[in-house]
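Visitor: Coordinates in structure.txt, compact mmCIF, C-alpha atoms and all ligand atoms, are listed below.
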# COMPACT_ATOMS: atom_id res chain seq x y z
CA MET A 1 81.43 48.96 144.51
CA LEU A 2 82.53 47.98 141.06
CA ARG A 3 81.10 51.12 139.64
CA PHE A 4 83.06 53.24 142.02
CA ILE A 5 86.26 51.29 141.47
CA LEU A 6 85.79 51.60 137.73
CA LEU A 7 85.08 55.27 138.04
CA GLY A 8 88.17 55.71 140.13
CA ALA A 9 90.27 53.93 137.53
CA LEU A 10 88.83 56.06 134.75
CA LEU A 11 89.43 59.24 136.61
CA SER A 12 93.07 58.40 137.13
CA LEU A 13 93.67 58.11 133.38
CA PRO A 14 94.10 61.20 131.27
CA SER A 15 90.88 61.51 129.33
CA PRO A 16 91.06 61.90 125.53
CA ALA A 17 89.31 65.23 125.85
CA ALA A 18 91.97 66.53 128.21
CA ALA A 19 94.72 65.35 125.87
CA LEU A 20 93.07 67.20 122.99
CA GLN A 21 92.84 70.37 125.02
CA VAL A 22 96.54 70.26 125.74
CA GLN A 23 97.34 69.97 122.03
CA GLN A 24 95.27 72.96 121.01
CA PRO A 25 96.96 76.33 121.30
CA PRO A 26 95.57 77.96 124.47
CA GLU A 27 95.14 81.25 122.66
CA PRO A 28 91.74 82.82 123.26
CA PRO A 29 90.45 85.44 120.83
CA ARG A 30 92.03 88.70 121.85
CA LEU A 31 90.61 91.15 119.36
CA LEU A 32 89.45 93.51 122.09
CA ASP A 33 92.77 93.27 123.99
CA ASP A 34 94.77 93.97 120.85
CA VAL A 35 92.67 96.99 119.91
CA ARG A 36 92.85 98.32 123.46
CA PHE A 37 96.60 97.89 123.75
CA LEU A 38 97.32 99.56 120.42
CA SER A 39 94.94 102.46 121.00
CA ASP A 40 95.90 103.12 124.60
CA ASP A 41 97.03 106.64 125.56
CA ARG A 42 100.39 105.16 126.60
CA LEU A 43 101.29 104.66 122.93
CA GLN A 44 100.70 108.38 122.32
CA GLY A 45 98.99 107.91 118.97
CA ARG A 46 101.69 105.72 117.36
CA MET A 47 103.30 108.41 115.22
CA THR A 48 105.88 106.87 112.87
CA GLY A 49 109.31 106.95 114.48
CA SER A 50 108.01 107.70 117.99
CA PRO A 51 108.58 105.56 121.11
CA GLY A 52 104.84 104.75 121.04
CA ALA A 53 105.12 103.35 117.51
CA ASP A 54 108.16 101.33 118.62
CA SER A 55 106.17 99.83 121.50
CA ALA A 56 103.39 98.97 119.07
CA ALA A 57 105.89 97.30 116.72
CA GLU A 58 107.38 95.21 119.55
CA TYR A 59 103.90 94.21 120.65
CA LEU A 60 102.90 93.19 117.13
CA ALA A 61 106.02 91.06 116.67
CA ARG A 62 105.32 89.35 119.99
CA ARG A 63 101.71 88.68 119.02
CA PHE A 64 102.73 87.39 115.58
CA SER A 65 105.10 84.98 117.30
CA GLN A 66 102.50 83.91 119.89
CA VAL A 67 99.92 83.00 117.26
CA GLY A 68 102.36 80.87 115.28
CA LEU A 69 103.96 83.08 112.62
CA GLN A 70 107.65 82.99 111.81
CA PRO A 71 109.77 86.09 111.37
CA ALA A 72 110.35 87.06 107.72
CA ALA A 73 113.72 86.40 106.16
CA GLY A 74 115.76 89.13 107.84
CA GLY A 75 113.69 89.23 111.03
CA TRP A 76 110.43 90.66 112.32
CA PHE A 77 111.26 94.25 111.40
CA GLN A 78 111.87 95.95 108.09
CA SER A 79 113.20 99.45 108.77
CA PHE A 80 113.03 102.46 106.51
CA THR A 81 114.11 106.03 106.98
CA VAL A 82 112.15 109.14 106.22
CA GLY A 83 114.71 111.83 105.47
CA ARG A 84 114.45 115.21 107.15
CA GLU A 85 113.87 116.71 103.72
CA ALA A 86 111.19 114.23 102.69
CA PRO A 87 107.88 115.99 101.99
CA ALA A 88 106.13 113.95 104.68
CA ALA A 89 108.67 114.81 107.35
CA ARG A 90 108.57 118.48 106.41
CA GLN A 91 104.79 118.62 106.43
CA ALA A 92 104.64 116.80 109.74
CA ARG A 93 107.43 119.08 111.00
CA THR A 94 109.51 116.15 112.19
CA GLY A 95 113.19 115.50 111.80
CA ALA A 96 114.46 112.38 110.05
CA LEU A 97 112.39 109.40 111.13
CA MET A 98 112.92 105.68 111.33
CA GLY A 99 109.84 103.63 110.51
CA ARG A 100 109.49 99.89 111.01
CA ASN A 101 107.22 97.48 109.19
CA VAL A 102 106.53 94.29 111.17
CA VAL A 103 106.64 91.23 108.93
CA GLY A 104 105.70 87.65 109.82
CA ILE A 105 105.10 84.69 107.56
CA LEU A 106 103.12 81.48 107.54
CA PRO A 107 104.94 79.11 105.17
CA GLY A 108 102.67 77.43 102.64
CA ARG A 109 102.07 73.72 102.94
CA ASP A 110 102.37 72.92 99.22
CA PRO A 111 106.02 72.15 98.28
CA VAL A 112 105.71 74.08 95.00
CA LEU A 113 103.10 76.75 95.67
CA ARG A 114 104.80 77.80 98.91
CA ASN A 115 107.21 79.81 96.75
CA GLN A 116 104.29 82.09 95.93
CA THR A 117 102.72 84.50 98.40
CA VAL A 118 99.58 86.31 99.39
CA VAL A 119 100.15 89.50 101.40
CA LEU A 120 97.75 90.56 104.15
CA GLY A 121 98.55 94.04 105.45
CA ALA A 122 97.32 96.62 107.94
CA HIS A 123 99.05 99.81 109.00
CA TYR A 124 99.61 100.35 112.72
CA ASP A 125 100.89 103.93 112.75
CA HIS A 126 98.57 106.85 113.41
CA LEU A 127 98.67 110.62 113.92
CA GLY A 128 100.46 110.87 117.25
CA ARG A 129 99.57 114.09 119.01
CA GLY A 130 97.69 115.68 116.18
CA GLY A 131 98.68 118.62 114.07
CA PHE A 132 99.63 116.93 110.81
CA GLY A 133 96.72 114.93 109.37
CA SER A 134 94.27 115.74 112.14
CA LEU A 135 90.80 116.98 111.28
CA ASP A 136 90.16 118.35 114.75
CA PRO A 137 90.66 122.11 114.64
CA ASP A 138 92.31 122.51 118.06
CA SER A 139 93.84 119.11 118.56
CA THR A 140 97.57 119.78 118.39
CA GLY A 141 99.18 118.19 121.44
CA LEU A 142 96.26 115.85 122.09
CA VAL A 143 96.71 112.11 121.65
CA HIS A 144 94.97 110.67 118.59
CA ASN A 145 94.46 107.03 119.51
CA GLY A 146 93.35 105.75 116.12
CA ALA A 147 91.34 102.78 117.39
CA ASP A 148 89.50 102.29 114.12
CA ASP A 149 92.38 103.83 112.11
CA ASN A 150 94.00 101.40 112.31
CA ALA A 151 94.28 99.41 115.54
CA SER A 152 91.19 97.61 114.22
CA GLY A 153 93.00 96.39 111.10
CA ALA A 154 96.13 95.38 113.04
CA ALA A 155 94.00 93.39 115.51
CA ALA A 156 92.17 91.68 112.66
CA LEU A 157 95.54 90.89 111.08
CA ILE A 158 96.60 89.02 114.24
CA GLN A 159 93.24 87.26 114.38
CA VAL A 160 93.53 86.00 110.79
CA ALA A 161 97.13 84.91 111.44
CA ALA A 162 96.09 82.90 114.50
CA ARG A 163 93.27 81.15 112.68
CA LEU A 164 95.29 80.48 109.53
CA ALA A 165 98.27 79.12 111.49
CA ALA A 166 96.02 76.32 112.73
CA SER A 167 95.66 75.08 109.14
CA PRO A 168 98.09 76.70 106.70
CA PRO A 169 97.01 77.07 103.06
CA ALA A 170 99.05 76.03 100.01
CA ARG A 171 100.80 79.34 99.39
CA THR A 172 102.90 81.30 101.89
CA VAL A 173 101.01 84.13 103.55
CA VAL A 174 103.01 87.25 104.41
CA PHE A 175 101.52 89.35 107.23
CA ILE A 176 102.72 92.96 107.27
CA ALA A 177 101.87 95.62 109.84
CA PHE A 178 102.96 98.79 108.03
CA SER A 179 104.29 102.00 109.50
CA GLY A 180 104.41 105.40 107.77
CA GLU A 181 100.94 105.05 106.25
CA GLU A 182 99.60 108.32 107.60
CA LEU A 183 102.67 110.16 106.31
CA GLY A 184 101.97 109.01 102.76
CA LEU A 185 101.98 105.19 102.45
CA LEU A 186 105.71 105.17 103.22
CA GLY A 187 106.00 101.69 104.75
CA SER A 188 104.16 99.96 101.93
CA ALA A 189 106.06 102.00 99.32
CA HIS A 190 109.30 100.83 100.94
CA TYR A 191 108.17 97.20 100.93
CA VAL A 192 107.26 97.38 97.25
CA GLN A 193 110.69 98.85 96.47
CA GLN A 194 112.49 96.26 98.57
CA PRO A 195 110.18 93.28 98.76
CA ILE A 196 111.30 90.52 101.12
CA TYR A 197 109.51 88.01 98.87
CA PRO A 198 109.50 88.70 95.10
CA LEU A 199 106.50 90.66 93.86
CA ALA A 200 106.39 88.46 90.76
CA GLY A 201 105.36 85.54 92.96
CA MET A 202 102.74 87.56 94.84
CA MET A 203 99.20 86.53 93.99
CA ALA A 204 97.47 89.51 95.58
CA MET A 205 97.60 91.98 98.46
CA VAL A 206 94.68 92.41 100.87
CA ASN A 207 94.63 95.56 103.00
CA LEU A 208 92.70 95.95 106.25
CA ASP A 209 92.38 99.66 106.98
CA MET A 210 89.56 100.94 109.21
CA VAL A 211 87.50 97.81 109.77
CA GLY A 212 86.14 98.50 113.25
CA ARG A 213 82.98 100.48 112.56
CA LEU A 214 80.66 98.07 110.81
CA ARG A 215 77.20 99.67 110.60
CA ASN A 216 74.08 98.04 109.20
CA GLY A 217 76.21 95.14 108.01
CA ARG A 218 77.66 97.24 105.24
CA LEU A 219 81.17 96.27 104.14
CA ILE A 220 83.12 98.09 101.45
CA VAL A 221 85.75 96.25 99.41
CA TYR A 222 87.72 98.53 97.11
CA GLY A 223 89.90 97.11 94.37
CA ALA A 224 87.20 94.72 93.18
CA ARG A 225 88.07 95.83 89.64
CA SER A 226 91.81 95.21 90.06
CA ALA A 227 91.47 91.55 89.01
CA LYS A 228 88.93 90.03 86.66
CA GLU A 229 88.11 87.21 89.09
CA PHE A 230 87.53 89.37 92.19
CA PRO A 231 83.82 90.24 91.86
CA ALA A 232 82.76 86.59 91.59
CA LEU A 233 85.13 85.52 94.37
CA LEU A 234 83.86 88.23 96.72
CA ASP A 235 80.26 87.39 95.92
CA SER A 236 80.77 83.73 96.68
CA LEU A 237 82.49 84.49 100.00
CA ASN A 238 79.69 86.86 100.91
CA TRP A 239 77.12 84.17 100.32
CA TYR A 240 78.19 82.84 103.71
CA ALA A 241 79.17 86.11 105.34
CA GLY A 242 75.93 87.93 104.54
CA PHE A 243 77.26 91.50 104.45
CA ASP A 244 75.61 94.31 102.58
CA LEU A 245 78.70 94.14 100.37
CA LYS A 246 79.84 97.07 98.26
CA ALA A 247 82.63 95.64 96.10
CA GLN A 248 83.83 98.35 93.77
CA GLY A 249 86.63 100.44 92.38
CA ASP A 250 90.14 100.03 91.05
CA GLY A 251 93.21 99.44 93.18
CA TYR A 252 94.07 103.07 93.86
CA GLY A 253 93.03 104.71 97.08
CA PRO A 254 94.37 106.49 100.15
CA SER A 255 95.89 103.43 101.83
CA ASP A 256 98.69 100.86 101.50
CA HIS A 257 97.07 98.66 98.84
CA SER A 258 97.69 101.54 96.42
CA SER A 259 101.47 100.94 96.63
CA PHE A 260 100.97 97.32 95.54
CA TYR A 261 98.51 98.16 92.77
CA ALA A 262 100.99 100.69 91.41
CA ALA A 263 103.45 97.75 91.33
CA LYS A 264 100.92 95.86 89.19
CA ARG A 265 99.56 93.41 91.73
CA PRO A 266 95.84 92.76 92.25
CA VAL A 267 94.69 94.35 95.52
CA LEU A 268 91.66 94.56 97.78
CA HIS A 269 90.97 97.07 100.53
CA ILE A 270 88.49 96.03 103.19
CA PHE A 271 86.84 98.99 104.89
CA THR A 272 83.84 99.71 107.13
CA ASP A 273 83.57 103.31 105.89
CA LEU A 274 84.32 106.77 107.23
CA HIS A 275 82.67 108.22 110.33
CA GLU A 276 82.65 111.44 112.29
CA ASP A 277 85.60 110.39 114.48
CA TYR A 278 87.90 109.79 111.51
CA HIS A 279 91.30 111.44 112.14
CA ARG A 280 90.04 113.05 115.31
CA THR A 281 90.82 112.61 119.01
CA THR A 282 87.53 110.73 119.45
CA ASP A 283 88.56 107.65 117.43
CA ASP A 284 88.68 105.51 120.60
CA TRP A 285 88.40 101.80 121.38
CA GLN A 286 85.03 102.18 123.11
CA LYS A 287 83.46 103.02 119.75
CA VAL A 288 84.70 99.91 117.94
CA ASN A 289 82.04 97.38 116.96
CA TYR A 290 83.69 94.13 118.13
CA ASP A 291 81.09 91.76 116.70
CA GLY A 292 81.47 93.59 113.42
CA LEU A 293 85.27 93.47 113.63
CA LYS A 294 85.11 89.74 114.24
CA ARG A 295 82.86 89.29 111.21
CA VAL A 296 85.28 91.27 109.08
CA ALA A 297 88.19 89.15 110.36
CA ASP A 298 86.24 85.98 109.49
CA PHE A 299 85.55 87.30 106.00
CA SER A 300 89.22 88.24 105.57
CA LEU A 301 90.27 84.78 106.71
CA GLY A 302 88.03 83.23 104.05
CA LEU A 303 89.36 85.61 101.42
CA VAL A 304 93.04 84.99 102.18
CA THR A 305 92.44 81.23 102.36
CA ALA A 306 90.71 81.25 98.98
CA LEU A 307 93.51 83.29 97.40
CA ALA A 308 96.28 81.22 98.94
CA ASN A 309 94.69 77.93 97.84
CA ARG A 310 93.42 78.88 94.41
CA THR A 311 94.61 76.78 91.51
CA SER A 312 94.17 79.26 88.66
CA PRO A 313 95.93 82.63 88.41
CA LEU A 314 94.32 86.05 88.82
CA THR A 315 94.02 88.38 85.85
CA LEU A 316 95.28 91.85 86.73
CA LEU A 317 93.14 94.67 85.39
CA GLU A 318 95.22 97.78 84.88
CA LEU A 319 93.48 101.10 85.10
CA PRO A 320 95.09 104.50 84.76
CA ALA A 321 96.23 106.24 87.93
CA PRO A 322 93.76 108.89 89.11
CA VAL A 323 94.47 112.56 89.63
CA PRO A 324 95.86 113.12 93.13
CA SER A 325 92.71 114.84 94.38
CA GLN A 326 90.63 111.68 94.21
CA ILE A 327 90.74 111.29 97.97
CA ALA A 328 87.28 111.92 99.37
CA ALA A 329 86.09 115.45 99.81
CA GLY A 330 86.35 116.31 103.47
CA SER A 331 88.98 113.70 104.22
CA GLY A 332 91.79 114.64 101.88
CA PRO A 333 95.17 115.98 102.82
CA PRO A 334 95.52 119.54 104.06
CA GLY A 335 95.99 122.29 101.54
CA TYR A 336 93.46 121.16 98.94
CA GLY A 337 91.01 123.96 98.17
CA ALA A 338 88.23 125.02 100.46
CA TYR A 339 86.94 123.06 103.43
CA LEU A 340 83.30 122.16 103.97
CA GLY A 341 83.53 119.49 106.67
CA THR A 342 81.19 116.85 105.31
CA VAL A 343 81.65 113.13 105.90
CA PRO A 344 80.59 111.53 102.62
CA ASP A 345 79.16 108.08 102.15
CA MET A 346 81.97 106.38 100.25
CA THR A 347 79.69 104.00 98.40
CA GLY A 348 77.88 106.77 96.59
CA ALA A 349 74.24 107.61 96.14
CA PRO A 350 72.16 108.10 93.00
CA GLY A 351 72.35 111.66 91.69
CA GLY A 352 74.50 113.18 94.40
CA VAL A 353 76.81 112.71 97.37
CA ARG A 354 75.10 111.29 100.43
CA LEU A 355 76.51 112.38 103.77
CA VAL A 356 77.20 110.06 106.66
CA GLY A 357 77.46 113.15 108.85
CA VAL A 358 79.09 116.54 109.24
CA ARG A 359 82.02 117.50 111.43
CA ALA A 360 81.32 119.41 114.60
CA GLY A 361 81.90 123.14 114.17
CA SER A 362 82.49 122.79 110.42
CA PRO A 363 81.12 125.13 107.72
CA ALA A 364 78.75 122.30 106.73
CA GLU A 365 77.32 122.08 110.23
CA LYS A 366 77.00 125.85 110.54
CA ALA A 367 75.15 125.93 107.21
CA GLY A 368 72.63 123.41 108.55
CA LEU A 369 73.68 120.26 106.66
CA ARG A 370 73.38 116.91 108.39
CA GLY A 371 73.68 113.15 107.92
CA ASP A 372 71.56 111.55 105.18
CA ASP A 373 71.49 114.78 103.18
CA ILE A 374 72.31 114.27 99.51
CA ILE A 375 74.34 117.12 98.02
CA THR A 376 73.45 117.64 94.37
CA ARG A 377 75.05 121.04 93.66
CA ILE A 378 77.77 123.24 95.11
CA GLY A 379 78.08 126.82 93.90
CA GLY A 380 76.34 126.12 90.60
CA ALA A 381 78.28 122.95 89.78
CA GLU A 382 76.47 119.63 89.78
CA THR A 383 77.90 117.04 92.17
CA PRO A 384 76.77 113.62 90.94
CA ASP A 385 79.69 111.90 92.71
CA LEU A 386 82.57 112.50 95.10
CA GLN A 387 85.00 113.42 92.37
CA ALA A 388 82.67 116.16 91.15
CA MET A 389 82.17 117.37 94.70
CA THR A 390 85.94 117.45 95.32
CA ASP A 391 86.41 119.40 92.09
CA ALA A 392 83.61 121.81 93.02
CA LEU A 393 85.22 122.51 96.39
CA ARG A 394 88.64 122.93 94.85
CA SER A 395 87.29 125.60 92.52
CA HIS A 396 86.48 127.77 95.54
CA LYS A 397 88.69 129.48 98.03
CA PRO A 398 88.43 129.50 101.82
CA GLY A 399 86.18 132.36 102.95
CA GLU A 400 83.91 132.24 99.89
CA THR A 401 80.18 131.81 100.36
CA VAL A 402 78.52 129.16 98.21
CA GLU A 403 75.01 127.83 97.75
CA ILE A 404 74.63 124.12 98.35
CA VAL A 405 71.60 122.30 96.98
CA VAL A 406 70.55 119.35 99.07
CA ARG A 407 67.98 116.62 98.69
CA ARG A 408 66.62 115.79 102.12
CA GLY A 409 63.91 113.15 102.07
CA ALA A 410 61.33 114.34 99.52
CA SER A 411 62.33 118.01 99.59
CA VAL A 412 65.09 119.96 97.90
CA THR A 413 66.61 122.82 99.90
CA THR A 414 69.32 125.37 99.24
CA PHE A 415 71.75 126.13 102.06
CA THR A 416 74.45 128.78 102.23
CA ALA A 417 77.86 127.88 103.57
CA THR A 418 80.96 129.98 104.20
CA LEU A 419 83.83 127.73 103.26
CA GLY A 420 86.78 127.25 105.58
CA ALA A 421 90.43 126.36 105.11
CA ARG A 422 91.62 122.78 105.24
CA GLY A 423 93.89 121.29 107.83
CA GLY A 424 92.97 123.79 110.51
ZN ZN B 501 94.30 107.41 108.77
Hey, can you dump this file as structure tokens for me?
Guide:
Amino acid sequence: MLRFILLGALLSLPSPAAALQVQQPPEPPRLLDDVRFLSDDRLQGRMTGSPGADSAAEYLARRFSQVGLQPAAGGWFQSFTVGREAPAARQARTGALMGRNVVGILPGRDPVLRNQTVVLGAHYDHLGRGGFGSLDPDSTGLVHNGADDNASGAAALIQVAARLAASPPARTVVFIAFSGEELGLLGSAHYVQQPIYPLAGMMAMVNLDMVGRLRNGRLIVYGARSAKEFPALLDSLNWYAGFDLKAQGDGYGPSDHSSFYAAKRPVLHIFTDLHEDYHRTTDDWQKVNYDGLKRVADFSLGLVTALANRTSPLTLLELPAPVPSQIAAGSGPPGYGAYLGTVPDMTGAPGGVRLVGVRAGSPAEKAGLRGDDIITRIGGAETPDLQAMTDALRSHKPGETVEIVVRRGASVTTFTATLGARGG
């Protein structure tokens, strides 16, 4: 009987394990839920200034609060207006717009270093119902859900915040979900003009934009050449993470980190590369690689922790701003030269531009090009890299017929393509 009595007595006491469970935040990983909410049809593609974007902003502020962030000085939202006459509003054929960045902070635990910050950002706006920015020819009026672009980054942002809140680093971490990115980096440009925390005390900015399509373990980190210490830091973090890591490039690029690099801060852009659904109605949550997204969030957590705890400063490397056409061929803004419809491999390939794929119905597809082809010449001009390919396409007009030389496996073949117009 003693055993039973003893057992009974033990059972009536709260066990240490139960007490521990009560103390831990009961917040399960919700990466999938966050991606699904943000890329649901109900949010109508989260166009800056739309009711769908407002719902997304409210949701993000609620999630920031749930995982343990505090509102920034001034509150969760930083509003900015896009005037009716602003180029973005005119191109998108909208009236004046009100965009809202969502800003939450995790105060640093070091009494001195907490006055310095690391910014982790991800834009949450997308293309709404198509038209402006869409690469689908007949997509106007159809919801563009933007699951990879960039519900994936916003979900990873929440995930990193939740994990970091459990054990805050020395410096303050500022989490920003930007709006206005698709209209021309407007939310990040506004933040840099009116920073809530001084830019001088900002160690670095890390941008999560399109991180939901990890394939073959290959992770791109742009901006690796924006600070002298970045390549070694990224390498050491990857020793654990085990990605096929492509750390490269300066701090300019077609996303929000560019605004911070222009303001002379070191930046990194984490990216799982372009794909055939980029800026199309098919960028849906079902196609997100959740294991991959979780790995990217883990890597980002390690990166932000290392930056926010580091004892020595970073050395900014300043490189000249590129010409505006540097955005990848096939993914640039409308109105730039002729359209081919290729999806280039952003990490480059020796001697040419490797394709990840071609867009359905595009001139490239009609000409017979396909994924894994390496384009070495367009219309007589050599195309050793994306910049050369962009320049080659810009030198032609829509409707022109050009010869495209392609390396496919061991053979070299010449295809003929009739170029189209961009932004159709
Ligand atoms: Zn985009």
Visitor: Pick out the residues sitting within 8 Å of A:Ala367, and hand them over as a VMD selection string; count all atoms listed in the file, and ignore anything fewer than 4 positions along from it in its own chain.
Guide: chain A and resid 363 415 to 418
Visitor: Residues near stretch 305-316 of chain A, anyone? I mean within 7 Å using all atoms listed in the file, not counting same-chain ones fewer than 3 positions away, as JSON, numbers by chain.
Guide: {"A": [118, 169, 170, 171, 226, 227, 228, 229, 265, 266, 301, 302]}
Visitor: Excluding stretch 53-60 of chain A and any residue of its chain fewer than 4 positions from it, enumerate the residues within 10 Å of it, using all atoms listed in the file, and give them as JSON, numbers by chain.
Guide: {"A": [34, 37, 38, 39, 42, 43, 44, 45, 46, 47, 48, 49, 64, 65, 66, 76, 77, 98, 99, 100, 101, 102, 103, 104, 124, 125, 126, 128, 151, 154, 155, 157, 158, 176, 177, 178, 179, 180]}
Visitor: Pick out the residues sitting within 12 Å of A:Val402, and hand them over as a list in words; count all atoms listed in the file, and ignore anything fewer than 2 positions along from it in its own chain.
Guide: Ala338, Tyr339, Leu340, Pro363, Ala364, Ala367, Arg377, Ile378, Gly379, Gly380, Ala381, Ala392, Leu393, Ser395, His396, Lys397, Pro398, Gly399, Glu400, Ile404, Val405, Thr414, Phe415, Thr416, Ala417, Thr418, Leu419 and Gly420 of chain A
Visitor: Keeping C-alpha atoms for every residue in the selection just given, could you write it to a file as a PDB file, keeping the file's coordinate frame?
Guide:
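File part27.pdb, as written:
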ATOM      1  CA  ALA A 338      88.230 125.020 100.460  1.00  0.00           C
ATOM      2  CA  TYR A 339      86.940 123.060 103.430  1.00  0.00           C
ATOM      3  CA  LEU A 340      83.300 122.160 103.970  1.00  0.00           C
ATOM      4  CA  PRO A 363      81.120 125.130 107.720  1.00  0.00           C
ATOM      5  CA  ALA A 364      78.750 122.300 106.730  1.00  0.00           C
ATOM      6  CA  ALA A 367      75.150 125.930 107.210  1.00  0.00           C
ATOM      7  CA  ARG A 377      75.050 121.040  93.660  1.00  0.00           C
ATOM      8  CA  ILE A 378      77.770 123.240  95.110  1.00  0.00           C
ATOM      9  CA  GLY A 379      78.080 126.820  93.900  1.00  0.00           C
ATOM     10  CA  GLY A 380      76.340 126.120  90.600  1.00  0.00           C
ATOM     11  CA  ALA A 381      78.280 122.950  89.780  1.00  0.00           C
ATOM     12  CA  ALA A 392      83.610 121.810  93.020  1.00  0.00           C
ATOM     13  CA  LEU A 393      85.220 122.510  96.390  1.00  0.00           C
ATOM     14  CA  SER A 395      87.290 125.600  92.520  1.00  0.00           C
ATOM     15  CA  HIS A 396      86.480 127.770  95.540  1.00  0.00           C
ATOM     16  CA  LYS A 397      88.690 129.480  98.030  1.00  0.00           C
ATOM     17  CA  PRO A 398      88.430 129.500 101.820  1.00  0.00           C
ATOM     18  CA  GLY A 399      86.180 132.360 102.950  1.00  0.00           C
ATOM     19  CA  GLU A 400      83.910 132.240  99.890  1.00  0.00           C
ATOM     20  CA  ILE A 404      74.630 124.120  98.350  1.00  0.00           C
ATOM     21  CA  VAL A 405      71.600 122.300  96.980  1.00  0.00           C
ATOM     22  CA  THR A 414      69.320 125.370  99.240  1.00  0.00           C
ATOM     23  CA  PHE A 415      71.750 126.130 102.060  1.00  0.00           C
ATOM     24  CA  THR A 416      74.450 128.780 102.230  1.00  0.00           C
ATOM     25  CA  ALA A 417      77.860 127.880 103.570  1.00  0.00           C
ATOM     26  CA  THR A 418      80.960 129.980 104.200  1.00  0.00           C
ATOM     27  CA  LEU A 419      83.830 127.730 103.260  1.00  0.00           C
ATOM     28  CA  GLY A 420      86.780 127.250 105.580  1.00  0.00           C
TER      29      GLY A 420
END
Visitor: Quick one: residues within 10 Å of ligand ZN 501 (chain B), with all atoms listed in the file, as a PyMOL selection string?
Guide: chain A and resi 123-127+133-134+146+148-150+181-184+209-210+254-255+278-280+331
Visitor: Smallest atom-to-atom distance to A:Gly130: which of A:Ser50, A:Leu303, A:Val143, A:Gly352, using all atoms listed in the file?
Guide: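 Nearest to A:Gly130: A:Val143.
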Visitor: Hey, can you check how far atom CA of A:Thr272 sits from atom CA of A:Asp244?
Guide: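 These two atoms are separated by 10.8 Å.
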Visitor: I'd like to know which of A:Met205, A:Val211, A:Ala224, A:Ala200 is closest to A:Ser258, using all atoms listed in the file.
Guide: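 Among the listed residues, the smallest separation from A:Ser258 belongs to A:Met205.
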